[in-house]
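upload_11.tsv (TSV, C-alpha atoms) appears below.
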```
chain	number	residue	atom	x	y	z
A	1	MET	CA	286.72	-36.16	60.51
A	2	LYS	CA	285.82	-33.73	63.35
A	3	ARG	CA	284.17	-36.55	65.32
A	4	ILE	CA	287.25	-38.75	64.89
A	5	LEU	CA	289.46	-35.91	66.11
A	6	ASN	CA	287.26	-35.35	69.19
A	7	ILE	CA	287.34	-39.06	70.01
A	8	SER	CA	291.12	-39.12	69.63
A	9	VAL	CA	291.52	-36.14	71.94
A	10	GLY	CA	289.20	-37.73	74.47
A	11	VAL	CA	291.10	-41.01	74.43
A	12	ALA	CA	294.41	-39.20	74.78
A	13	ALA	CA	293.10	-37.22	77.75
A	14	LEU	CA	291.84	-40.40	79.39
A	15	VAL	CA	295.22	-42.07	78.93
A	16	VAL	CA	297.04	-39.09	80.43
A	17	LEU	CA	294.59	-38.92	83.33
A	18	SER	CA	294.90	-42.66	83.98
A	19	GLY	CA	298.66	-42.38	83.97
A	20	PHE	CA	298.50	-39.45	86.36
A	21	LEU	CA	296.30	-41.36	88.78
A	22	VAL	CA	298.59	-44.37	88.79
A	23	ARG	CA	301.80	-42.36	89.11
A	24	GLY	CA	300.17	-39.94	91.53
A	25	TYR	CA	299.66	-42.50	94.27
A	26	PHE	CA	302.67	-44.77	93.86
A	27	ASP	CA	306.16	-44.28	92.49
A	28	HIS	CA	308.64	-47.07	91.77
A	29	ARG	CA	309.46	-47.41	95.46
A	30	ASP	CA	305.77	-47.81	96.41
A	31	LYS	CA	305.89	-44.47	98.22
A	32	VAL	CA	302.48	-42.84	98.60
A	33	VAL	CA	302.25	-39.47	96.85
A	34	VAL	CA	299.15	-37.27	97.26
A	35	PRO	CA	298.05	-35.81	93.90
A	36	VAL	CA	297.96	-32.02	93.63
A	37	MET	CA	294.24	-32.15	92.83
A	38	LEU	CA	293.47	-33.77	96.17
A	39	VAL	CA	295.62	-31.27	98.04
A	40	GLU	CA	293.80	-28.39	96.34
A	41	LYS	CA	290.39	-29.87	97.13
A	42	ALA	CA	291.40	-30.35	100.76
A	43	GLY	CA	292.58	-26.75	100.83
A	44	LEU	CA	289.27	-25.54	99.42
A	45	ARG	CA	287.36	-27.55	102.02
A	46	ASP	CA	289.47	-26.06	104.81
A	47	ALA	CA	288.99	-22.56	103.39
A	48	ARG	CA	285.21	-23.00	103.17
A	49	LYS	CA	285.11	-24.33	106.72
A	50	TYR	CA	287.19	-21.39	107.95
A	51	ASN	CA	285.09	-18.83	106.06
A	52	THR	CA	281.83	-20.32	107.30
A	53	HIS	CA	283.14	-20.27	110.86
A	54	MET	CA	284.21	-16.63	110.51
A	55	VAL	CA	280.78	-15.58	109.21
A	56	ASP	CA	279.02	-17.48	112.00
A	57	SER	CA	281.30	-15.84	114.57
A	58	ALA	CA	280.65	-12.39	113.12
A	59	VAL	CA	276.89	-12.89	113.06
A	60	SER	CA	276.89	-14.03	116.69
A	61	MET	CA	278.58	-10.76	117.70
A	62	LEU	CA	276.10	-8.42	116.00
A	63	ARG	CA	273.96	-6.05	118.02
A	64	SER	CA	271.39	-3.46	116.96
A	65	GLY	CA	273.14	-0.27	115.92
A	66	ASN	CA	276.32	-1.99	114.74
A	67	ILE	CA	277.71	-0.96	111.36
A	68	VAL	CA	278.82	-3.80	109.12
A	69	LEU	CA	281.42	-3.46	106.40
A	70	ARG	CA	282.56	-5.59	103.51
A	71	MET	CA	284.89	-5.59	100.52
A	72	GLY	CA	283.38	-7.07	97.37
A	73	LEU	CA	285.25	-9.12	94.81
A	74	GLY	CA	284.21	-7.24	91.67
A	75	ALA	CA	285.91	-4.40	89.83
A	76	ASP	CA	283.05	-2.09	90.82
A	77	SER	CA	283.79	-2.78	94.49
A	78	LYS	CA	287.42	-1.84	93.92
A	79	LEU	CA	286.36	1.45	92.34
A	80	LEU	CA	283.95	2.22	95.19
A	81	SER	CA	286.61	1.52	97.82
A	82	GLU	CA	288.91	4.01	96.12
A	83	LEU	CA	286.40	6.77	96.88
A	84	ASN	CA	287.52	6.52	100.51
A	85	SER	CA	290.12	9.17	101.27
A	86	ARG	CA	291.91	7.54	104.22
A	87	ASP	CA	291.27	3.79	104.29
A	88	GLN	CA	290.30	1.97	101.10
A	89	THR	CA	289.73	-1.44	102.69
A	90	PHE	CA	285.95	-1.56	102.31
A	91	SER	CA	283.48	-0.98	99.48
A	92	HIS	CA	280.09	-1.29	101.21
A	93	CYS	CA	278.39	-0.77	104.57
A	94	GLY	CA	275.04	-1.15	106.31
A	95	ILE	CA	273.21	-0.80	109.62
A	96	VAL	CA	272.34	-3.81	111.79
A	97	MET	CA	269.00	-4.24	113.53
A	98	VAL	CA	268.24	-7.38	115.52
A	99	GLU	CA	264.66	-8.45	114.84
A	100	HIS	CA	263.03	-11.46	116.52
A	101	GLY	CA	266.44	-12.57	117.73
A	102	TYR	CA	268.25	-12.40	114.37
A	103	PRO	CA	270.42	-9.58	112.95
A	104	PHE	CA	269.36	-8.03	109.66
A	105	VAL	CA	271.33	-5.50	107.63
A	106	TYR	CA	269.72	-2.43	106.09
A	107	HIS	CA	271.80	-1.10	103.23
A	108	SER	CA	271.60	0.89	100.02
A	109	ILE	CA	273.04	-0.86	96.99
A	110	GLY	CA	272.74	-0.64	93.22
A	111	GLY	CA	273.99	-2.63	90.26
A	112	GLU	CA	273.10	-6.13	89.10
A	113	ASP	CA	272.97	-7.39	92.70
A	114	ASN	CA	269.92	-5.19	93.30
A	115	PRO	CA	268.05	-4.52	90.02
A	116	ASP	CA	265.39	-2.22	91.51
A	117	GLU	CA	268.15	-0.27	93.32
A	118	ARG	CA	265.99	0.25	96.42
A	119	LEU	CA	267.07	0.12	100.06
A	120	ARG	CA	267.47	-3.52	101.10
A	121	ARG	CA	267.00	-5.58	104.24
A	122	ASP	CA	269.14	-8.73	104.13
A	123	SER	CA	270.11	-11.39	106.63
A	124	ALA	CA	273.55	-10.86	108.15
A	125	ASN	CA	274.69	-14.22	106.73
A	126	PHE	CA	273.76	-13.09	103.23
A	127	PHE	CA	275.45	-9.71	103.66
A	128	PHE	CA	278.68	-11.32	104.89
A	129	SER	CA	278.73	-14.15	102.32
A	130	PRO	CA	282.33	-15.12	101.35
A	131	LYS	CA	281.02	-16.00	97.91
A	132	ASN	CA	281.06	-12.34	96.91
A	133	ASN	CA	283.38	-10.74	99.49
A	134	SER	CA	287.04	-10.85	100.44
A	135	GLU	CA	286.88	-9.14	103.82
A	136	ILE	CA	284.26	-8.23	106.44
A	137	ALA	CA	284.19	-6.13	109.60
A	138	ILE	CA	281.96	-4.84	112.40
A	139	ALA	CA	282.10	-1.33	113.85
A	140	HIS	CA	280.49	-0.52	117.19
A	141	PHE	CA	279.22	2.98	118.00
A	142	SER	CA	278.87	4.36	121.53
A	143	PHE	CA	275.07	4.31	121.45
A	144	ASP	CA	272.98	3.88	124.58
A	145	THR	CA	269.62	2.09	124.56
A	146	SER	CA	267.62	5.20	123.72
A	147	ASP	CA	270.02	6.00	120.84
A	148	VAL	CA	269.51	2.52	119.39
A	149	ASP	CA	265.73	2.83	119.73
A	150	GLU	CA	265.82	6.15	117.90
A	151	LEU	CA	268.07	4.72	115.19
A	152	ARG	CA	265.71	1.75	114.79
A	153	ALA	CA	262.81	4.15	114.20
A	154	VAL	CA	264.81	6.17	111.67
A	155	VAL	CA	265.92	3.06	109.78
A	156	ALA	CA	262.36	1.70	109.77
A	157	ASN	CA	261.13	4.94	108.25
A	158	TYR	CA	263.81	4.85	105.55
A	159	TYR	CA	262.90	1.24	104.77
A	160	LYS	CA	259.24	2.21	104.50
A	161	GLU	CA	260.17	4.80	101.89
A	162	ARG	CA	262.80	2.53	100.28
A	163	PRO	CA	264.80	5.22	98.46
A	164	LYS	CA	266.76	4.18	95.40
A	165	PHE	CA	270.54	4.00	95.20
A	166	ASP	CA	272.13	7.34	94.34
A	167	MET	CA	274.26	6.75	91.25
A	168	LYS	CA	275.27	10.44	91.25
A	169	PHE	CA	276.61	10.22	94.83
A	170	ASP	CA	274.92	13.52	95.61
A	171	LEU	CA	274.87	14.19	99.35
A	172	ALA	CA	272.52	17.17	98.89
A	173	THR	CA	269.55	15.00	97.89
A	174	ASP	CA	267.52	12.70	100.16
A	175	ASP	CA	265.32	10.86	97.66
A	176	LYS	CA	268.28	8.70	96.60
A	177	LEU	CA	271.08	7.43	98.85
A	178	TYR	CA	274.39	5.64	98.34
A	179	CYS	CA	275.47	3.17	101.02
A	180	SER	CA	277.59	5.37	103.28
A	181	GLU	CA	275.19	8.28	102.76
A	182	PHE	CA	272.34	6.18	104.16
A	183	VAL	CA	274.37	5.23	107.24
A	184	TYR	CA	275.60	8.80	107.71
A	185	LYS	CA	272.17	10.40	107.44
A	186	ALA	CA	270.39	7.76	109.54
A	187	ILE	CA	272.86	8.01	112.42
A	188	ASN	CA	273.08	11.80	112.38
A	189	LYS	CA	269.28	12.04	112.32
A	190	ALA	CA	268.94	9.57	115.21
A	191	MET	CA	271.56	11.42	117.25
A	192	ARG	CA	270.05	14.81	116.33
A	193	ASP	CA	273.55	15.95	115.49
A	194	SER	CA	274.44	16.96	111.94
A	195	VAL	CA	278.16	16.49	112.58
A	196	TYR	CA	278.06	13.32	114.71
A	197	ILE	CA	279.56	11.77	111.58
A	198	THR	CA	281.28	14.31	109.36
A	199	ALA	CA	281.54	14.31	105.59
A	200	THR	CA	284.68	14.71	103.51
A	201	THR	CA	285.10	17.62	101.10
A	202	LEU	CA	287.21	16.99	98.00
A	203	PHE	CA	287.60	19.60	95.27
A	204	GLY	CA	284.53	21.39	96.58
A	205	HIS	CA	282.39	18.25	96.58
A	206	ARG	CA	280.99	16.93	99.88
A	207	PHE	CA	281.02	13.16	100.09
A	208	VAL	CA	280.74	10.53	102.81
A	209	GLY	CA	283.24	7.73	102.43
A	210	ILE	CA	282.88	4.39	104.15
A	211	ASP	CA	286.03	5.26	106.08
A	212	ASP	CA	284.24	8.38	107.39
A	213	ILE	CA	281.85	5.96	109.09
A	214	PHE	CA	284.18	3.46	110.77
A	215	MET	CA	287.04	5.91	111.45
A	216	ASN	CA	284.66	8.27	113.24
A	217	ASP	CA	285.63	9.21	116.82
A	218	HIS	CA	282.44	7.55	118.12
A	219	ALA	CA	283.17	4.23	116.39
A	220	ASN	CA	285.32	1.28	117.35
A	221	MET	CA	286.21	-1.64	115.10
A	222	VAL	CA	285.35	-4.83	117.00
A	223	TRP	CA	285.73	-7.49	114.30
A	224	ARG	CA	287.71	-7.64	111.09
A	225	ILE	CA	288.63	-10.70	109.04
A	226	LYS	CA	289.83	-11.62	105.56
A	227	PHE	CA	288.40	-14.71	103.90
A	228	LYS	CA	290.65	-17.44	102.61
```
Step by step, read the file and then write its structure as structure tokens.
Amino acid sequence: MKRILNISVGVAALVVLSGFLVRGYFDHRDKVVVPVMLVEKAGLRDARKYNTHMVDSAVSMLRSGNIVLRMGLGADSKLLSELNSRDQTFSHCGIVMVEHGYPFVYHSIGGEDNPDERLRRDSANFFFSPKNNSEIAIAHFSFDTSDVDELRAVVANYYKERPKFDMKFDLATDDKLYCSEFVYKAINKAMRDSVYITATTLFGHRFVGIDDIFMNDHANMVWRIKFK
């Protein structure tokens, strides 16, 4: 009986689909009508093309010392973005270093995207992927060549140690780092200035938000785009 019911449902669906296809292209006046499905597919193709172009454009702009930002699609990204006190646009950040002609992003991330929770080095294309993000941006700091060289050395040392992600978001510890903490500590160490980037204090708790990074007086947003 169950098999007969499944067959009947399948036949009914096929009849409806066939009718849709016939009526979708021609009405009684032989006027061509584009089915909604085709319009949606065309829209998806255009969106993918646009998103790919935006990522390629962003990657081509990257220079060593740039800070990259993104807003993830998951609920956890939304929660992380709400930790920012002034601008809640972004949920994650990292430091760019161009190596052998290609920009890589060093960033601290936890969760299912990074099971071992250790500091990562990813290609810029992977970091910016529209598959998992809704918005991306690039912030430029006023570093000179020697500043960038120093930052490169600091980042390399952090990557050698590969600290784990700090789930407690404790700025007082150095053995574990959350994303904005890594950027904050790396830049301040490279600049030999503990307040080059300043932390935010809320209810007696010191914390570095992602907005503390890109809204810093030394930073300038040079690229910002939302994916379709």
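When only C-alpha atoms are used to measure the gap to Asp56 (chain A), the shortest distance among A:Pro130, A:Gly74, A:Gly94, A:Gly101 belongs to A:Pro130.
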Notebook entry, point to check: List as an MDAnalysis selection string: which residues have an atom within 12 Å of (278.4, -10.0, 113.3), counting all atoms listed in the file?
Noted result: chainID A and resid 53:70 94:98 102:105 123:129 136:140 221:225
For the selection just defined, write its residues with C-alpha atoms to a file, as a PDB file, in the coordinates of the input.
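Contents of selection-v5.pdb, as written:
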```
ATOM      1  CA  HIS A  53     283.140 -20.270 110.860  1.00  0.00           C
ATOM      2  CA  MET A  54     284.210 -16.630 110.510  1.00  0.00           C
ATOM      3  CA  VAL A  55     280.780 -15.580 109.210  1.00  0.00           C
ATOM      4  CA  ASP A  56     279.020 -17.480 112.000  1.00  0.00           C
ATOM      5  CA  SER A  57     281.300 -15.840 114.570  1.00  0.00           C
ATOM      6  CA  ALA A  58     280.650 -12.390 113.120  1.00  0.00           C
ATOM      7  CA  VAL A  59     276.890 -12.890 113.060  1.00  0.00           C
ATOM      8  CA  SER A  60     276.890 -14.030 116.690  1.00  0.00           C
ATOM      9  CA  MET A  61     278.580 -10.760 117.700  1.00  0.00           C
ATOM     10  CA  LEU A  62     276.100  -8.420 116.000  1.00  0.00           C
ATOM     11  CA  ARG A  63     273.960  -6.050 118.020  1.00  0.00           C
ATOM     12  CA  SER A  64     271.390  -3.460 116.960  1.00  0.00           C
ATOM     13  CA  GLY A  65     273.140  -0.270 115.920  1.00  0.00           C
ATOM     14  CA  ASN A  66     276.320  -1.990 114.740  1.00  0.00           C
ATOM     15  CA  ILE A  67     277.710  -0.960 111.360  1.00  0.00           C
ATOM     16  CA  VAL A  68     278.820  -3.800 109.120  1.00  0.00           C
ATOM     17  CA  LEU A  69     281.420  -3.460 106.400  1.00  0.00           C
ATOM     18  CA  ARG A  70     282.560  -5.590 103.510  1.00  0.00           C
ATOM     19  CA  GLY A  94     275.040  -1.150 106.310  1.00  0.00           C
ATOM     20  CA  ILE A  95     273.210  -0.800 109.620  1.00  0.00           C
ATOM     21  CA  VAL A  96     272.340  -3.810 111.790  1.00  0.00           C
ATOM     22  CA  MET A  97     269.000  -4.240 113.530  1.00  0.00           C
ATOM     23  CA  VAL A  98     268.240  -7.380 115.520  1.00  0.00           C
ATOM     24  CA  TYR A 102     268.250 -12.400 114.370  1.00  0.00           C
ATOM     25  CA  PRO A 103     270.420  -9.580 112.950  1.00  0.00           C
ATOM     26  CA  PHE A 104     269.360  -8.030 109.660  1.00  0.00           C
ATOM     27  CA  VAL A 105     271.330  -5.500 107.630  1.00  0.00           C
ATOM     28  CA  SER A 123     270.110 -11.390 106.630  1.00  0.00           C
ATOM     29  CA  ALA A 124     273.550 -10.860 108.150  1.00  0.00           C
ATOM     30  CA  ASN A 125     274.690 -14.220 106.730  1.00  0.00           C
ATOM     31  CA  PHE A 126     273.760 -13.090 103.230  1.00  0.00           C
ATOM     32  CA  PHE A 127     275.450  -9.710 103.660  1.00  0.00           C
ATOM     33  CA  PHE A 128     278.680 -11.320 104.890  1.00  0.00           C
ATOM     34  CA  SER A 129     278.730 -14.150 102.320  1.00  0.00           C
ATOM     35  CA  ILE A 136     284.260  -8.230 106.440  1.00  0.00           C
ATOM     36  CA  ALA A 137     284.190  -6.130 109.600  1.00  0.00           C
ATOM     37  CA  ILE A 138     281.960  -4.840 112.400  1.00  0.00           C
ATOM     38  CA  ALA A 139     282.100  -1.330 113.850  1.00  0.00           C
ATOM     39  CA  HIS A 140     280.490  -0.520 117.190  1.00  0.00           C
ATOM     40  CA  MET A 221     286.210  -1.640 115.100  1.00  0.00           C
ATOM     41  CA  VAL A 222     285.350  -4.830 117.000  1.00  0.00           C
ATOM     42  CA  TRP A 223     285.730  -7.490 114.300  1.00  0.00           C
ATOM     43  CA  ARG A 224     287.710  -7.640 111.090  1.00  0.00           C
ATOM     44  CA  ILE A 225     288.630 -10.700 109.040  1.00  0.00           C
TER      45      ILE A 225
END
```
Notebook entry, point to check: What does the distance from CA of Leu119 (chain A) to CA of Phe165 (chain A) come to in Å, to one decimal?
Noted result: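 Value for the CA of Leu119 (chain A)-CA of Phe165 (chain A) distance: 7.1 Å.
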Next item on the list: Quick one: pull the distance between CA of Met215 (chain A) and CA of Val155 (chain A), Å, one decimal.
Entry: 21.4 Å
Margin query: List the spatial neighbours of Ser85 (chain A) as number ranges by chain - criterion: any atom at most 12 Å away, only C-alpha atoms, same-chain residues fewer than 6 positions off excluded.
Written below: A: 199-202, 207-213, 215
Write region 158-192 of chain A as an mmCIF file, in the frame of the given file, completed to N, CA and C atoms.
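Once written, result-v7.cif looks like this:
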```cif
data_model
loop_
_atom_site.group_PDB
_atom_site.id
_atom_site.type_symbol
_atom_site.label_atom_id
_atom_site.label_comp_id
_atom_site.auth_asym_id
_atom_site.auth_seq_id
_atom_site.Cartn_x
_atom_site.Cartn_y
_atom_site.Cartn_z
ATOM 1 N N TYR A 158 263.107 4.892 106.838
ATOM 2 C CA TYR A 158 263.810 4.850 105.550
ATOM 3 C C TYR A 158 263.380 3.609 104.764
ATOM 4 N N TYR A 159 263.257 2.482 105.459
ATOM 5 C CA TYR A 159 262.900 1.240 104.770
ATOM 6 C C TYR A 159 261.460 1.298 104.264
ATOM 7 N N LYS A 160 260.616 2.022 104.964
ATOM 8 C CA LYS A 160 259.240 2.210 104.500
ATOM 9 C C LYS A 160 259.216 2.991 103.193
ATOM 10 N N GLU A 161 260.088 3.983 103.102
ATOM 11 C CA GLU A 161 260.170 4.800 101.890
ATOM 12 C C GLU A 161 260.965 4.108 100.780
ATOM 13 N N ARG A 162 261.929 3.288 101.195
ATOM 14 C CA ARG A 162 262.800 2.530 100.280
ATOM 15 C C ARG A 162 263.366 3.389 99.147
ATOM 16 N N PRO A 163 264.186 4.384 99.491
ATOM 17 C CA PRO A 163 264.800 5.220 98.460
ATOM 18 C C PRO A 163 265.717 4.399 97.556
ATOM 19 N N LYS A 164 265.890 4.869 96.346
ATOM 20 C CA LYS A 164 266.760 4.180 95.400
ATOM 21 C C LYS A 164 268.225 4.543 95.672
ATOM 22 N N PHE A 165 269.106 3.746 95.086
ATOM 23 C CA PHE A 165 270.540 4.000 95.200
ATOM 24 C C PHE A 165 270.893 5.254 94.402
ATOM 25 N N ASP A 166 271.746 6.078 94.976
ATOM 26 C CA ASP A 166 272.130 7.340 94.340
ATOM 27 C C ASP A 166 273.368 7.140 93.470
ATOM 28 N N MET A 167 273.160 6.964 92.187
ATOM 29 C CA MET A 167 274.260 6.750 91.250
ATOM 30 C C MET A 167 275.095 8.012 91.035
ATOM 31 N N LYS A 168 274.547 9.171 91.417
ATOM 32 C CA LYS A 168 275.270 10.440 91.250
ATOM 33 C C LYS A 168 276.093 10.784 92.502
ATOM 34 N N PHE A 169 275.900 10.000 93.568
ATOM 35 C CA PHE A 169 276.610 10.220 94.830
ATOM 36 C C PHE A 169 276.472 11.686 95.276
ATOM 37 N N ASP A 170 275.234 12.131 95.279
ATOM 38 C CA ASP A 170 274.920 13.520 95.610
ATOM 39 C C ASP A 170 274.411 13.596 97.049
ATOM 40 N N LEU A 171 275.220 14.122 97.932
ATOM 41 C CA LEU A 171 274.870 14.190 99.350
ATOM 42 C C LEU A 171 273.765 15.199 99.626
ATOM 43 N N ALA A 172 273.521 16.103 98.689
ATOM 44 C CA ALA A 172 272.520 17.170 98.890
ATOM 45 C C ALA A 172 271.090 16.684 98.732
ATOM 46 N N THR A 173 270.897 15.524 98.105
ATOM 47 C CA THR A 173 269.550 15.000 97.890
ATOM 48 C C THR A 173 269.231 13.884 98.875
ATOM 49 N N ASP A 174 267.937 13.736 99.204
ATOM 50 C CA ASP A 174 267.520 12.700 100.160
ATOM 51 C C ASP A 174 266.651 11.612 99.525
ATOM 52 N N ASP A 175 266.198 11.841 98.288
ATOM 53 C CA ASP A 175 265.320 10.860 97.660
ATOM 54 C C ASP A 175 266.091 9.640 97.150
ATOM 55 N N LYS A 176 267.405 9.804 96.989
ATOM 56 C CA LYS A 176 268.280 8.700 96.600
ATOM 57 C C LYS A 176 269.504 8.719 97.507
ATOM 58 N N LEU A 177 269.975 7.524 97.888
ATOM 59 C CA LEU A 177 271.080 7.430 98.850
ATOM 60 C C LEU A 177 272.091 6.361 98.438
ATOM 61 N N TYR A 178 273.373 6.687 98.494
ATOM 62 C CA TYR A 178 274.390 5.640 98.340
ATOM 63 C C TYR A 178 274.661 5.046 99.713
ATOM 64 N N CYS A 179 275.411 3.959 99.781
ATOM 65 C CA CYS A 179 275.470 3.170 101.020
ATOM 66 C C CYS A 179 275.942 3.957 102.240
ATOM 67 N N SER A 180 277.075 4.625 102.126
ATOM 68 C CA SER A 180 277.590 5.370 103.280
ATOM 69 C C SER A 180 276.751 6.610 103.574
ATOM 70 N N GLU A 181 276.089 7.142 102.556
ATOM 71 C CA GLU A 181 275.190 8.280 102.760
ATOM 72 C C GLU A 181 274.004 7.863 103.623
ATOM 73 N N PHE A 182 273.460 6.690 103.366
ATOM 74 C CA PHE A 182 272.340 6.180 104.160
ATOM 75 C C PHE A 182 272.747 6.028 105.624
ATOM 76 N N VAL A 183 273.895 5.427 105.868
ATOM 77 C CA VAL A 183 274.370 5.230 107.240
ATOM 78 C C VAL A 183 274.626 6.576 107.916
ATOM 79 N N TYR A 184 275.279 7.462 107.204
ATOM 80 C CA TYR A 184 275.600 8.800 107.710
ATOM 81 C C TYR A 184 274.347 9.573 108.086
ATOM 82 N N LYS A 185 273.379 9.625 107.196
ATOM 83 C CA LYS A 185 272.170 10.400 107.440
ATOM 84 C C LYS A 185 271.286 9.758 108.515
ATOM 85 N N ALA A 186 271.205 8.439 108.537
ATOM 86 C CA ALA A 186 270.390 7.760 109.540
ATOM 87 C C ALA A 186 270.948 7.982 110.944
ATOM 88 N N ILE A 187 272.252 7.832 111.102
ATOM 89 C CA ILE A 187 272.860 8.010 112.420
ATOM 90 C C ILE A 187 272.793 9.464 112.868
ATOM 91 N N ASN A 188 273.127 10.390 112.002
ATOM 92 C CA ASN A 188 273.080 11.800 112.380
ATOM 93 C C ASN A 188 271.657 12.243 112.746
ATOM 94 N N LYS A 189 270.678 11.702 112.021
ATOM 95 C CA LYS A 189 269.280 12.040 112.320
ATOM 96 C C LYS A 189 268.870 11.449 113.679
ATOM 97 N N ALA A 190 269.281 10.216 113.940
ATOM 98 C CA ALA A 190 268.940 9.570 115.210
ATOM 99 C C ALA A 190 269.594 10.274 116.384
ATOM 100 N N MET A 191 270.818 10.751 116.180
ATOM 101 C CA MET A 191 271.560 11.420 117.250
ATOM 102 C C MET A 191 271.212 12.905 117.350
ATOM 103 N N ARG A 192 270.409 13.387 116.390
ATOM 104 C CA ARG A 192 270.050 14.810 116.330
ATOM 105 C C ARG A 192 271.300 15.695 116.344
#
```
